>>> print(open('data20.cif').read())   # mmCIF, C-alpha atoms
data_start
#
loop_
_atom_site.label_atom_id
_atom_site.label_comp_id
_atom_site.auth_asym_id
_atom_site.auth_seq_id
_atom_site.Cartn_x
_atom_site.Cartn_y
_atom_site.Cartn_z
CA MET A 1 40.57 -7.44 7.00
CA ILE A 2 40.25 -5.65 3.68
CA THR A 3 41.43 -8.05 1.02
CA ARG A 4 41.68 -7.34 -2.67
CA ARG A 5 38.74 -9.63 -3.36
CA ARG A 6 36.55 -7.88 -0.77
CA LEU A 7 37.50 -4.52 -2.17
CA ILE A 8 36.48 -5.61 -5.68
CA THR A 9 33.28 -7.30 -4.46
CA GLY A 10 32.40 -4.23 -2.39
CA GLY A 11 33.19 -1.94 -5.29
CA VAL A 12 31.02 -3.94 -7.70
CA ALA A 13 28.14 -4.14 -5.18
CA GLY A 14 28.44 -0.40 -4.39
CA SER A 15 28.52 0.73 -8.00
CA GLY A 16 25.65 -1.71 -8.72
CA LEU A 17 23.53 0.03 -6.07
CA VAL A 18 24.49 3.48 -7.39
CA THR A 19 23.59 2.41 -10.95
CA ALA A 20 20.27 0.98 -9.72
CA GLY A 21 19.58 4.27 -7.93
CA VAL A 22 20.37 6.39 -11.01
CA LEU A 23 18.19 4.16 -13.24
CA ALA A 24 15.34 4.19 -10.69
CA GLU A 25 15.52 8.01 -10.48
CA HIS A 26 15.59 8.29 -14.29
CA TYR A 27 12.49 6.10 -14.71
CA GLY A 28 10.61 7.84 -11.87
CA LEU A 29 10.66 4.88 -9.49
CA ILE A 30 11.63 6.77 -6.34
CA PRO A 31 8.82 8.32 -4.26
CA PRO A 32 9.23 11.80 -2.71
CA ASP A 33 9.13 10.27 0.81
CA HIS A 34 12.05 7.91 0.13
CA GLY A 35 14.12 9.08 3.12
CA GLY A 36 14.88 7.12 6.29
CA ILE A 37 14.61 3.43 7.01
CA PHE A 38 10.91 3.22 6.05
CA GLY A 39 11.79 4.87 2.72
CA VAL A 40 13.52 1.64 1.70
CA GLY A 41 10.25 -0.30 1.89
CA GLU A 42 8.32 2.56 0.26
CA THR A 43 10.75 2.76 -2.65
CA LEU A 44 10.65 -1.02 -3.22
CA THR A 45 6.83 -1.02 -3.17
CA TYR A 46 6.45 2.04 -5.40
CA ALA A 47 9.08 0.89 -7.92
CA ALA A 48 7.70 -2.66 -8.07
CA GLN A 49 4.13 -1.43 -8.59
CA ARG A 50 5.08 1.18 -11.19
CA VAL A 51 6.87 -1.53 -13.21
CA LEU A 52 3.96 -3.95 -12.73
CA MET A 53 1.39 -1.29 -13.75
CA SER A 54 3.29 0.09 -16.73
CA GLY A 55 0.35 -1.02 -18.91
CA HIS A 56 -1.96 1.60 -17.27
CA SER A 57 -4.15 -1.13 -15.78
CA LEU A 58 -7.67 -0.09 -14.77
CA ALA A 59 -8.97 -0.34 -11.20
CA ARG A 60 -11.86 -2.76 -10.84
CA GLU A 61 -15.28 -1.32 -11.67
CA PHE A 62 -18.54 -2.65 -10.27
CA LYS A 63 -22.21 -3.05 -11.14
CA ARG A 64 -24.80 -0.52 -10.00
CA GLU A 65 -26.39 -3.05 -7.59
CA GLN A 66 -23.03 -3.40 -5.81
CA ILE A 67 -23.06 0.26 -4.69
CA SER A 68 -22.92 0.43 -0.89
CA LYS A 69 -25.67 1.72 1.38
CA VAL A 70 -23.39 3.56 3.80
CA PHE A 71 -20.69 6.06 2.78
CA PRO A 72 -18.83 7.17 5.90
CA VAL A 73 -16.59 10.24 5.84
CA ASN A 74 -13.58 11.17 7.91
CA GLY A 75 -13.18 14.80 8.91
CA ASP A 76 -15.34 17.87 8.41
CA PRO A 77 -15.62 20.35 5.52
CA PRO A 78 -13.14 23.25 5.79
CA ARG A 79 -14.20 25.88 8.35
CA THR A 80 -12.25 28.65 6.63
CA ALA A 81 -14.21 31.78 5.76
CA SER A 82 -13.27 31.52 2.08
CA TYR A 83 -14.70 27.99 1.74
CA GLN A 84 -17.81 28.75 3.83
CA ARG A 85 -18.54 31.83 1.68
CA LEU A 86 -18.30 29.76 -1.54
CA LEU A 87 -20.44 26.98 -0.02
CA ALA A 88 -23.13 29.47 1.04
CA ARG A 89 -23.39 30.73 -2.56
CA GLY A 90 -23.56 27.21 -4.05
CA PHE A 91 -19.99 27.51 -5.40
CA GLU A 92 -21.13 30.04 -8.01
CA ASP A 93 -17.95 32.10 -7.55
CA TRP A 94 -15.67 29.08 -7.16
CA ARG A 95 -12.89 28.64 -9.75
CA LEU A 96 -10.43 25.83 -10.26
CA MET A 97 -6.98 27.22 -11.08
CA VAL A 98 -4.57 25.15 -13.18
CA ASP A 99 -1.03 26.52 -13.48
CA GLY A 100 2.67 25.63 -13.31
CA LEU A 101 4.38 23.84 -16.22
CA VAL A 102 1.51 24.37 -18.65
CA ALA A 103 1.24 26.30 -21.92
CA HIS A 104 -2.16 27.82 -21.02
CA PRO A 105 -3.01 28.33 -17.34
CA LEU A 106 -6.72 27.75 -16.69
CA SER A 107 -9.37 29.21 -14.42
CA LEU A 108 -12.55 27.14 -14.67
CA SER A 109 -16.01 27.46 -13.14
CA LEU A 110 -18.01 24.44 -12.01
CA ALA A 111 -20.36 24.94 -14.99
CA GLU A 112 -17.40 24.90 -17.40
CA LEU A 113 -16.06 21.71 -15.82
CA LYS A 114 -19.49 20.10 -16.19
CA SER A 115 -19.60 21.06 -19.88
CA PHE A 116 -16.46 19.02 -20.60
CA PRO A 117 -16.58 15.30 -21.54
CA SER A 118 -17.36 13.37 -18.36
CA ARG A 119 -16.70 9.90 -17.08
CA THR A 120 -18.83 7.95 -14.61
CA GLN A 121 -17.31 5.01 -12.78
CA ILE A 122 -18.38 2.68 -9.97
CA THR A 123 -15.29 1.94 -7.95
CA HIS A 124 -14.20 0.55 -4.61
CA GLN A 125 -12.62 2.82 -2.03
CA ALA A 126 -10.74 1.45 0.97
CA CYS A 127 -9.86 3.74 3.85
CA GLU A 128 -6.40 3.16 5.27
CA GLU A 129 -8.13 2.39 8.60
CA GLY A 130 -9.60 -0.80 7.12
CA TRP A 131 -13.21 -0.05 6.10
CA SER A 132 -14.41 0.29 2.52
CA PHE A 133 -17.37 1.10 0.28
CA ILE A 134 -18.37 1.11 -3.38
CA ALA A 135 -19.78 4.29 -4.93
CA GLU A 136 -20.43 5.86 -8.31
CA TRP A 137 -18.42 8.96 -9.20
CA THR A 138 -18.87 11.40 -12.08
CA GLY A 139 -16.35 13.96 -13.21
CA VAL A 140 -13.86 15.23 -15.77
CA PRO A 141 -10.85 12.97 -16.38
CA LEU A 142 -7.80 14.90 -15.14
CA SER A 143 -6.11 13.97 -18.44
CA PHE A 144 -8.66 16.15 -20.31
CA LEU A 145 -7.64 19.24 -18.30
CA LEU A 146 -3.95 18.41 -18.64
CA ASN A 147 -4.37 18.27 -22.43
CA LEU A 148 -6.40 21.49 -22.40
CA ALA A 149 -3.69 23.28 -20.42
CA GLY A 150 -0.88 21.79 -22.49
CA VAL A 151 1.43 20.08 -20.03
CA SER A 152 5.18 20.54 -20.49
CA ALA A 153 7.34 17.48 -21.21
CA ARG A 154 9.29 18.39 -18.05
CA ALA A 155 6.28 17.69 -15.79
CA LYS A 156 6.83 15.04 -13.14
CA TYR A 157 4.05 15.70 -10.63
CA VAL A 158 0.59 17.23 -10.53
CA VAL A 159 0.01 18.92 -7.17
CA PHE A 160 -3.48 19.46 -5.74
CA PHE A 161 -4.29 22.21 -3.25
CA PRO A 162 -7.61 21.99 -1.40
CA PHE A 163 -9.35 24.40 0.97
CA ASP A 164 -8.12 22.33 3.91
CA GLU A 165 -4.52 21.34 4.78
CA TYR A 166 -4.44 17.96 3.01
CA TRP A 167 -2.60 18.94 -0.18
CA ASP A 168 -1.32 16.03 -2.23
CA SER A 169 0.36 15.14 -5.51
CA LEU A 170 0.26 12.44 -8.17
CA ASP A 171 3.01 11.21 -10.46
CA MET A 172 2.33 11.50 -14.18
CA ALA A 173 1.35 7.80 -14.46
CA ASP A 174 -1.61 8.40 -12.14
CA ALA A 175 -2.23 11.93 -13.44
CA TRP A 176 -2.75 10.69 -17.04
CA HIS A 177 -4.62 7.56 -15.94
CA PRO A 178 -8.13 7.39 -17.49
CA GLN A 179 -9.81 6.68 -14.11
CA THR A 180 -8.23 9.66 -12.36
CA LEU A 181 -11.17 12.05 -12.13
CA LEU A 182 -11.93 15.53 -10.92
CA ALA A 183 -15.32 14.47 -9.58
CA TYR A 184 -18.32 16.77 -9.08
CA GLY A 185 -20.98 14.04 -8.81
CA MET A 186 -21.54 11.08 -6.50
CA ASN A 187 -24.16 8.33 -6.89
CA GLY A 188 -26.04 10.33 -9.52
CA SER A 189 -26.31 13.63 -7.62
CA GLU A 190 -24.17 16.68 -6.87
CA MET A 191 -21.11 16.00 -4.73
CA PRO A 192 -22.37 16.03 -1.11
CA THR A 193 -20.46 18.63 0.91
CA PRO A 194 -18.83 16.14 3.37
CA HIS A 195 -17.62 14.09 0.38
CA GLY A 196 -15.69 17.03 -1.04
CA ALA A 197 -17.92 19.60 -2.77
CA PRO A 198 -17.60 21.21 -5.17
CA LEU A 199 -14.80 19.14 -6.68
CA ARG A 200 -12.65 16.29 -5.41
CA LEU A 201 -9.99 14.01 -6.74
CA ARG A 202 -10.71 10.33 -7.43
CA VAL A 203 -7.70 8.01 -7.70
CA PRO A 204 -9.18 4.51 -7.56
CA ARG A 205 -5.84 2.67 -7.74
CA GLN A 206 -4.85 4.09 -4.34
CA LEU A 207 -6.29 4.15 -0.81
CA GLY A 208 -9.02 6.63 0.00
CA TYR A 209 -6.84 9.31 1.58
CA LYS A 210 -5.22 9.94 -1.81
CA SER A 211 -8.58 11.11 -3.25
CA ILE A 212 -8.49 14.52 -1.60
CA LYS A 213 -11.56 16.75 -1.31
CA TYR A 214 -12.54 20.43 -1.62
CA LEU A 215 -10.15 21.25 -4.48
CA SER A 216 -9.04 24.81 -5.07
CA SER A 217 -6.07 24.70 -7.44
CA ILE A 218 -3.80 22.39 -9.40
CA THR A 219 -0.12 22.98 -10.18
CA VAL A 220 1.98 21.00 -12.64
CA THR A 221 5.62 20.79 -11.58
CA ASP A 222 8.91 18.96 -12.15
CA SER A 223 9.72 18.82 -8.42
CA VAL A 224 7.81 18.73 -5.14
CA LYS A 225 10.90 19.53 -3.06
CA SER A 226 9.89 23.11 -2.33
CA ILE A 227 6.30 22.30 -1.30
CA GLY A 228 5.71 21.63 2.40
CA LYS A 229 8.53 19.43 3.67
CA GLY A 230 9.20 18.21 0.13
CA TRP A 231 7.65 14.78 0.68
CA GLY A 232 5.03 15.14 -2.06
CA SER A 233 2.00 15.46 0.17
CA ALA A 234 0.74 16.47 3.60
CA SER A 235 0.28 12.76 4.41
CA PRO A 236 3.95 11.83 5.09
CA GLU A 237 4.15 14.84 7.44
CA ASP A 238 1.46 13.03 9.49
CA GLY A 239 3.23 9.66 9.13
CA TYR A 240 1.26 8.29 6.16
CA SER A 241 3.00 7.27 2.95
CA TRP A 242 2.83 9.46 -0.17
CA TYR A 243 2.14 6.47 -2.40
CA ALA A 244 -0.98 4.61 -1.29
CA GLY A 245 -1.38 1.95 -3.99
CA ILE A 246 -0.46 -0.40 -1.09
CA MET B 1 31.59 -35.31 12.50
CA GLY B 2 29.60 -37.69 10.30
CA ALA B 3 26.11 -38.10 11.74
CA MET B 4 26.35 -34.85 13.67
CA ASP B 5 27.45 -32.94 10.58
CA GLU B 6 24.32 -34.18 8.80
CA ARG B 7 22.18 -32.54 11.46
CA ARG B 8 23.81 -29.12 11.53
CA HIS B 9 21.71 -26.17 10.40
CA SER B 10 23.35 -24.70 7.31
CA ALA B 11 24.48 -21.07 7.38
CA VAL B 12 21.65 -20.09 5.01
CA VAL B 13 19.03 -21.70 7.28
CA ARG B 14 20.48 -19.99 10.37
CA VAL B 15 20.77 -16.51 8.87
CA THR B 16 17.35 -16.59 7.15
CA HIS B 17 15.79 -17.97 10.37
CA TRP B 18 16.81 -14.94 12.43
CA ILE B 19 16.02 -12.41 9.71
CA ASN B 20 12.59 -14.03 9.44
CA THR B 21 12.18 -13.87 13.24
CA ALA B 22 12.82 -10.11 13.24
CA GLY B 23 10.56 -9.61 10.21
CA PHE B 24 7.75 -11.70 11.73
CA PHE B 25 7.76 -9.73 14.99
CA ALA B 26 7.74 -6.45 13.05
CA LEU B 27 4.83 -7.68 10.90
CA VAL B 28 2.73 -8.80 13.88
CA ILE B 29 3.32 -5.57 15.83
CA SER B 30 2.75 -3.29 12.82
CA GLY B 31 -0.25 -5.40 11.76
CA LEU B 32 -1.78 -4.83 15.21
CA ALA B 33 -1.09 -1.09 14.88
CA ILE B 34 -3.10 -1.06 11.63
CA LEU B 35 -5.82 -3.40 12.93
CA VAL B 36 -6.72 -1.35 16.03
CA ALA B 37 -7.89 1.54 13.82
CA HIS B 38 -10.82 -0.67 12.78
CA PRO B 39 -11.11 -3.89 14.82
CA ARG B 40 -14.15 -5.17 12.90
CA PHE B 41 -14.21 -7.80 10.15
CA TYR B 42 -16.51 -8.24 7.17
CA TRP B 43 -17.09 -10.64 4.29
CA GLY B 44 -17.34 -9.55 0.65
CA GLU B 45 -16.09 -6.42 -1.06
CA THR B 46 -17.06 -3.74 1.44
CA GLY B 47 -17.76 -3.05 5.10
CA THR B 48 -18.01 0.04 7.28
CA VAL B 49 -19.36 1.17 10.61
CA GLY B 50 -23.09 1.16 9.96
CA SER B 51 -23.03 -2.03 7.87
CA ASP B 52 -23.18 -5.63 9.13
CA SER B 53 -19.90 -7.10 10.33
CA LEU B 54 -18.79 -10.73 10.48
CA PHE B 55 -17.38 -10.21 13.97
CA ASP B 56 -16.05 -7.38 16.15
CA LEU B 57 -12.98 -7.67 18.35
CA PRO B 58 -13.76 -6.56 21.92
CA MET B 59 -11.70 -3.38 21.84
CA ARG B 60 -12.23 0.26 21.09
CA PHE B 61 -11.10 1.93 17.87
CA ARG B 62 -7.62 3.44 18.31
CA PHE B 63 -6.50 5.85 15.63
CA GLY B 64 -3.08 7.30 14.97
CA HIS B 65 -0.99 4.11 14.78
CA SER B 66 -1.78 2.96 11.25
CA GLY B 67 0.66 5.40 9.57
CA TRP B 68 3.89 4.10 11.08
CA GLY B 69 2.23 0.70 11.25
CA ARG B 70 1.84 0.59 7.48
CA TYR B 71 5.35 1.97 6.79
CA LEU B 72 6.83 -0.75 9.06
CA HIS B 73 4.48 -3.46 7.76
CA PHE B 74 5.64 -3.02 4.16
CA LEU B 75 9.32 -2.71 5.04
CA ALA B 76 9.10 -5.93 7.09
CA ALA B 77 7.03 -7.65 4.38
CA TRP B 78 9.77 -6.93 1.82
CA VAL B 79 12.38 -8.29 4.24
CA CYS B 80 10.36 -11.49 4.85
CA VAL B 81 9.52 -12.05 1.17
CA LEU B 82 13.08 -11.50 -0.14
CA ASN B 83 14.47 -13.52 2.79
CA GLY B 84 11.89 -16.26 2.16
CA ILE B 85 12.89 -16.47 -1.51
CA VAL B 86 16.55 -16.94 -0.50
CA TYR B 87 15.53 -19.64 2.03
CA VAL B 88 13.33 -21.59 -0.40
CA VAL B 89 15.74 -21.39 -3.37
CA ALA B 90 18.72 -22.37 -1.18
CA GLY B 91 16.60 -25.11 0.42
CA ILE B 92 15.64 -26.59 -2.94
CA MET B 93 19.23 -26.45 -4.18
CA ALA B 94 20.54 -28.13 -1.01
CA ARG B 95 17.62 -30.63 -1.02
CA HIS B 96 16.80 -29.31 2.50
CA PHE B 97 13.03 -29.81 2.12
CA ARG B 98 13.29 -33.30 0.66
CA ARG B 99 15.93 -34.59 3.06
CA GLU B 100 15.03 -32.93 6.34
CA LEU B 101 11.52 -31.57 6.19
CA TRP B 102 9.61 -33.78 3.77
CA PRO B 103 6.42 -34.75 5.65
CA SER B 104 7.03 -37.44 8.18
CA GLY B 105 5.29 -36.63 11.40
CA LEU B 106 3.04 -33.80 12.50
CA GLN B 107 5.83 -31.33 13.23
CA ARG B 108 7.33 -31.53 9.76
CA VAL B 109 3.90 -31.35 8.11
CA ALA B 110 3.39 -28.11 10.08
CA TYR B 111 6.72 -26.66 8.89
CA ILE B 112 6.07 -27.57 5.24
CA GLY B 113 2.50 -26.20 5.56
CA VAL B 114 3.80 -22.85 6.85
CA VAL B 115 6.52 -22.46 4.22
CA PHE B 116 4.47 -23.53 1.19
CA GLY B 117 0.91 -22.85 2.41
CA LEU B 118 0.42 -20.15 5.04
CA PHE B 119 3.32 -17.92 3.96
CA PRO B 120 2.18 -17.63 0.31
CA LEU B 121 -1.44 -17.17 1.49
CA ILE B 122 -0.58 -14.35 3.90
CA VAL B 123 1.32 -12.56 1.11
CA LEU B 124 -1.47 -13.11 -1.45
CA THR B 125 -4.28 -11.94 0.87
CA GLY B 126 -2.13 -8.89 1.66
CA LEU B 127 -1.63 -8.09 -2.02
CA ALA B 128 -5.35 -8.70 -2.65
CA MET B 129 -6.05 -5.58 -0.52
CA SER B 130 -3.99 -3.42 -2.88
CA PRO B 131 -6.14 -1.55 -5.43
CA ALA B 132 -3.01 -1.06 -7.55
CA ILE B 133 -2.13 -4.77 -7.63
CA THR B 134 -5.73 -5.84 -8.27
CA SER B 135 -5.96 -3.39 -11.18
CA VAL B 136 -3.39 -5.67 -12.85
CA VAL B 137 -4.63 -8.98 -11.40
CA PRO B 138 -8.36 -8.62 -10.51
CA GLY B 139 -8.64 -12.40 -10.02
CA LEU B 140 -6.40 -12.12 -6.98
CA VAL B 141 -9.06 -10.35 -4.91
CA GLU B 142 -12.01 -12.16 -6.54
CA VAL B 143 -10.62 -15.59 -5.62
CA PHE B 144 -10.72 -14.60 -1.92
CA GLY B 145 -14.30 -13.28 -2.21
CA GLY B 146 -13.61 -9.51 -2.20
CA GLU B 147 -11.37 -6.94 -0.56
CA GLN B 148 -12.93 -7.26 2.92
CA SER B 149 -12.85 -11.07 2.71
CA ALA B 150 -9.14 -10.86 1.87
CA ARG B 151 -8.64 -8.62 4.93
CA THR B 152 -10.51 -11.09 7.16
CA LEU B 153 -8.55 -14.06 5.77
CA HIS B 154 -5.29 -12.10 6.23
CA PHE B 155 -6.24 -11.80 9.93
CA PHE B 156 -7.06 -15.54 10.23
CA PHE B 157 -3.83 -16.59 8.51
CA THR B 158 -1.95 -14.30 10.93
CA ASP B 159 -3.67 -16.11 13.83
CA PHE B 160 -2.55 -19.49 12.42
CA LEU B 161 1.01 -18.18 12.06
CA VAL B 162 1.00 -16.93 15.66
CA LEU B 163 -0.32 -20.35 16.83
CA PHE B 164 2.43 -22.02 14.81
CA PHE B 165 4.96 -19.69 16.44
CA ILE B 166 3.71 -20.64 19.93
CA GLY B 167 3.86 -24.36 19.01
CA HIS B 168 7.33 -23.85 17.58
CA ILE B 169 8.57 -22.24 20.83
CA LEU B 170 7.01 -25.10 22.88
CA MET B 171 8.80 -27.68 20.72
CA VAL B 172 12.06 -25.77 21.12
CA ILE B 173 11.62 -25.77 24.91
CA LEU B 174 10.89 -29.53 24.88
CA ALA B 175 14.02 -30.15 22.82
CA GLY B 176 16.11 -28.02 25.21
CA PHE B 177 15.82 -24.28 24.75
CA MET B 178 19.46 -23.19 25.14
CA LYS B 179 20.80 -26.08 23.06
CA SER B 180 18.30 -25.41 20.23
CA VAL B 181 18.89 -21.67 20.17
CA ARG B 182 22.66 -22.20 20.23
CA GLY B 183 22.26 -24.69 17.36
CA MET B 184 20.32 -22.13 15.33
CA ILE B 185 22.99 -19.46 15.98
CA THR B 186 26.26 -21.40 15.66
CA GLY B 187 25.06 -24.52 13.86
CA ASP B 188 26.63 -26.72 16.52
CA GLY B 189 25.20 -29.47 18.67
CA ILE B 190 21.60 -29.88 17.59
#
>>> encode(input="data20.cif", output="structure tokens")
Amino acid sequence: MITRRRLITGGVAGSGLVTAGVLAEHYGLIPPDHGGIFGVGETLTYAAQRVLMSGHSLAREFKREQISKVFPVNGDPPRTASYQRLLARGFEDWRLMVDGLVAHPLSLSLAELKSFPSRTQITHQACEEGWSFIAEWTGVPLSFLLNLAGVSARAKYVVFFPFDEYWDSLDMADAWHPQTLLAYGMNGSEMPTPHGAPLRLRVPRQLGYKSIKYLSSITVTDSVKSIGKGWGSASPEDGYSWYAGI
Amino acid sequence: MGAMDERRHSAVVRVTHWINTAGFFALVISGLAILVAHPRFYWGETGTVGSDSLFDLPMRFRFGHSGWGRYLHFLAAWVCVLNGIVYVVAGIMARHFRRELWPSGLQRVAYIGVVFGLFPLIVLTGLAMSPAITSVVPGLVEVFGGEQSARTLHFFFTDFLVLFFIGHILMVILAGFMKSVRGMITGDGI
């Protein structure tokens, strides 16, 4: 039976949920793959971690002697003709494109990227399957390129397109994070091809699959709805969550 | 009334019990779905195929289940944690732990140990595997001896919880299965 009290209680609870939803959306606490029953858990996890990490906490870094001896890889380098041609010529003709909501779109060679201020970090990477290793990575902080390009205040996501199908995106908290690198070096040498040559993403506060390889272009955007199925990454289309901070 | 009323399960205990049952099953099944992608265990920070393992489960690697497994695992973990908070807060307010479960006999020690020992440990070893959480609280993974140690301990604590579950079902059967289940649903006649 619908009593007056139930109506009021229901109304208060309902408007409370709506208010919570509007606030969560406003503060960027809702992940692109928030749909369906699993989206409830994803949204709780993402929102809780974004609030907890609002101080831009740094992922743990390790000593050189803790670097692993084995660095397994999943998957093969892209077989596409365009990637194979660039690989054969040592990525001499390769360019990283940066466009979207930026004041100055960029087109950068590997040599230009290497001339920018670099960061080297020894971090832990866990694969979602369960295994993990520690390695040293060298690259340009993504934040340097974002500053160089002049990111619009409307930006909400930075989208990464590689030579394979595993495109992905980061929210601005991870995009501006000092440990988020565009890495061209691993363990003191050039990026080995199976690890993502010439340039890969490093996002040490998330599981390994978020650090996509073989980068081709970067787009700054205020919405990921029109890319792929609109879930922020190729991962949710395969059943893996967009946010992988775990 | 009187003596029998004293021994009724309260509505909070009954509702949280069945929510926890559903959450626990979902966590075990989804945990298995994640585990079978890499049924090897290590100690320390790292471990991969090609490095020494602590032990290997006698099964082959099965990929393709960890995606939905992880989605379900975290949904169920939220359900169990929020539900567990309601249970513990309501239990403290109603003096449930002190009056009915405070250690007196092996069975009650086991219940108290699960609620205040194993349950927090399974949550903490789970969170210790999160690179986002440990960026804020590095001590959480260090106290367990590293990310792979936390994963291994998470597996052992799961085994203890499953053993507790089996013991719990045996005790329920000994006490009269239908009567106990009815008591946990309606609150009557336990």
>>> closest_residue(input="data20.cif", among="A:Gly239, A:Gly75, A:Pro117, A:Gly232", to="Phe160 of chain A", atoms="all atoms listed in the file")
A:Gly232
>>> resolve_selection(input="data20.cif", expression="the PyMOL selection byres ((chain B and resi 34) around 8)", output="list in words")
Glu129 and Gly130 of chain A; Ser30, Gly31, Leu32, Ala33, Leu35, Val36, Ala37, His38, His65, Ser66, Gly67, Gly69 and Arg70 of chain B
>>> atom_distance(input="data20.cif", atom1="atom CA of Ala88 of chain A", atom2="atom CA of Thr193 of chain A")
11.2 Å
>>> resolve_selection(input="data20.cif", expression="the PyMOL selection byres ((chain B) within 6 of (chain A))", output="PyMOL selection string")
chain B and resi 37-38+46-48+67-68+71+74-75+130-132+135-136
>>> atom_distance(input="data20.cif", atom1="atom CA of Leu145 of chain A", atom2="atom CA of Thr123 of chain A")
21.6 Å
>>> resolve_selection(input="data20.cif", expression="the PyMOL selection byres ((chain B and resi 125) around 8)", output="PyMOL selection string")
chain B and resi 121-124+126-129+141+144+150-151+153-154
>>> atom_distance(input="data20.cif", atom1="atom CA of Arg79 of chain A", atom2="atom CA of Pro198 of chain A")
14.7 Å
>>> residues_around(input="data20.cif", residues="segment 138-141 of chain A", least_positions_apart="3", cutoff="6 Å", atoms="all atoms listed in the file", output="list of chain:residue names")
A:Ser118, A:Arg119, A:Thr120, A:Phe144, A:Thr180, A:Leu181, A:Leu182, A:Ala183, A:Tyr184, A:Gly185
>>> closest_residue(input="data20.cif", among="A:Val224, A:Val12, A:Leu148, A:Ala47", to="Leu113 of chain A", atoms="only C-alpha atoms")
A:Leu148
>>> closest_atom_pairs(input="data20.cif", of="segment 21-125 of chain B", to="segment 166-180 of chain B", cutoff="12 Å", atoms="only C-alpha atoms", output="CSV")
residue,atom,partner,partner_atom,distance
B:Thr21,CA,B:Ile169,CA,11.9
B:Leu106,CA,B:Gly167,CA,11.5
B:Gln107,CA,B:His168,CA,8.8
B:Arg108,CA,B:His168,CA,11.0
B:Ala110,CA,B:His168,CA,9.5
B:Tyr111,CA,B:His168,CA,9.2
B:Val114,CA,B:His168,CA,11.3
>>> closest_residue(input="data20.cif", among="A:Trp242, A:Phe116, A:Gly28, A:Ser216", to="Ser82 of chain A", atoms="all atoms listed in the file")
A:Ser216
>>> axis_aligned_box(input="data20.cif", around="segment 169-180 of chain B", padding_each_side="8 Å", output="JSON")
{"center_x": 13.9, "center_y": -26.2, "center_z": 22.7, "size_x": 29.8, "size_y": 23.9, "size_z": 21.0}
>>> residues_around(input="data20.cif", residues="Ala153 of chain A", least_positions_apart="6", cutoff="12 Å", atoms="all atoms listed in the file", output="VMD selection string")
chain A and resid 101 to 103 146 to 147 172 220 to 222
>>> closest_residue(input="data20.cif", among="A:Gly100, A:Phe62, A:Tyr46, A:Ala234", to="His34 of chain A", atoms="all atoms listed in the file")
A:Tyr46
>>> decode(input="data20.cif", residues="segment 116-128 of chain B", atoms="N, CA and C atoms", output="short mmCIF file (atom, residue, chain, number, x, y, z; two decimals), in the first residue's frame")
data_model
loop_
_atom_site.label_atom_id
_atom_site.label_comp_id
_atom_site.auth_asym_id
_atom_site.auth_seq_id
_atom_site.Cartn_x
_atom_site.Cartn_y
_atom_site.Cartn_z
N PHE B 116 35.61 -10.65 12.50
CA PHE B 116 36.58 -9.61 12.86
C PHE B 116 38.00 -9.95 12.44
N GLY B 117 38.24 -11.15 11.89
CA GLY B 117 39.58 -11.53 11.47
C GLY B 117 39.66 -11.78 9.97
N LEU B 118 39.06 -12.88 9.52
CA LEU B 118 39.19 -13.27 8.11
C LEU B 118 38.56 -12.26 7.17
N PHE B 119 37.36 -11.74 7.53
CA PHE B 119 36.69 -10.82 6.61
C PHE B 119 37.52 -9.55 6.38
N PRO B 120 38.00 -8.87 7.46
CA PRO B 120 38.88 -7.72 7.20
C PRO B 120 40.13 -8.11 6.42
N LEU B 121 40.71 -9.29 6.71
CA LEU B 121 41.95 -9.68 6.02
C LEU B 121 41.72 -9.94 4.54
N ILE B 122 40.57 -10.52 4.19
CA ILE B 122 40.32 -10.81 2.77
C ILE B 122 40.12 -9.48 2.02
N VAL B 123 39.50 -8.50 2.67
CA VAL B 123 39.32 -7.20 2.04
C VAL B 123 40.67 -6.49 1.90
N LEU B 124 41.48 -6.53 2.97
CA LEU B 124 42.76 -5.81 2.95
C LEU B 124 43.74 -6.42 1.95
N THR B 125 43.80 -7.77 1.86
CA THR B 125 44.71 -8.37 0.88
C THR B 125 44.21 -8.09 -0.54
N GLY B 126 42.88 -7.97 -0.70
CA GLY B 126 42.34 -7.59 -2.01
C GLY B 126 42.76 -6.18 -2.38
N LEU B 127 42.58 -5.24 -1.44
CA LEU B 127 42.95 -3.85 -1.71
C LEU B 127 44.46 -3.70 -1.91
N ALA B 128 45.25 -4.59 -1.26
CA ALA B 128 46.71 -4.51 -1.38
C ALA B 128 47.17 -4.81 -2.81
#
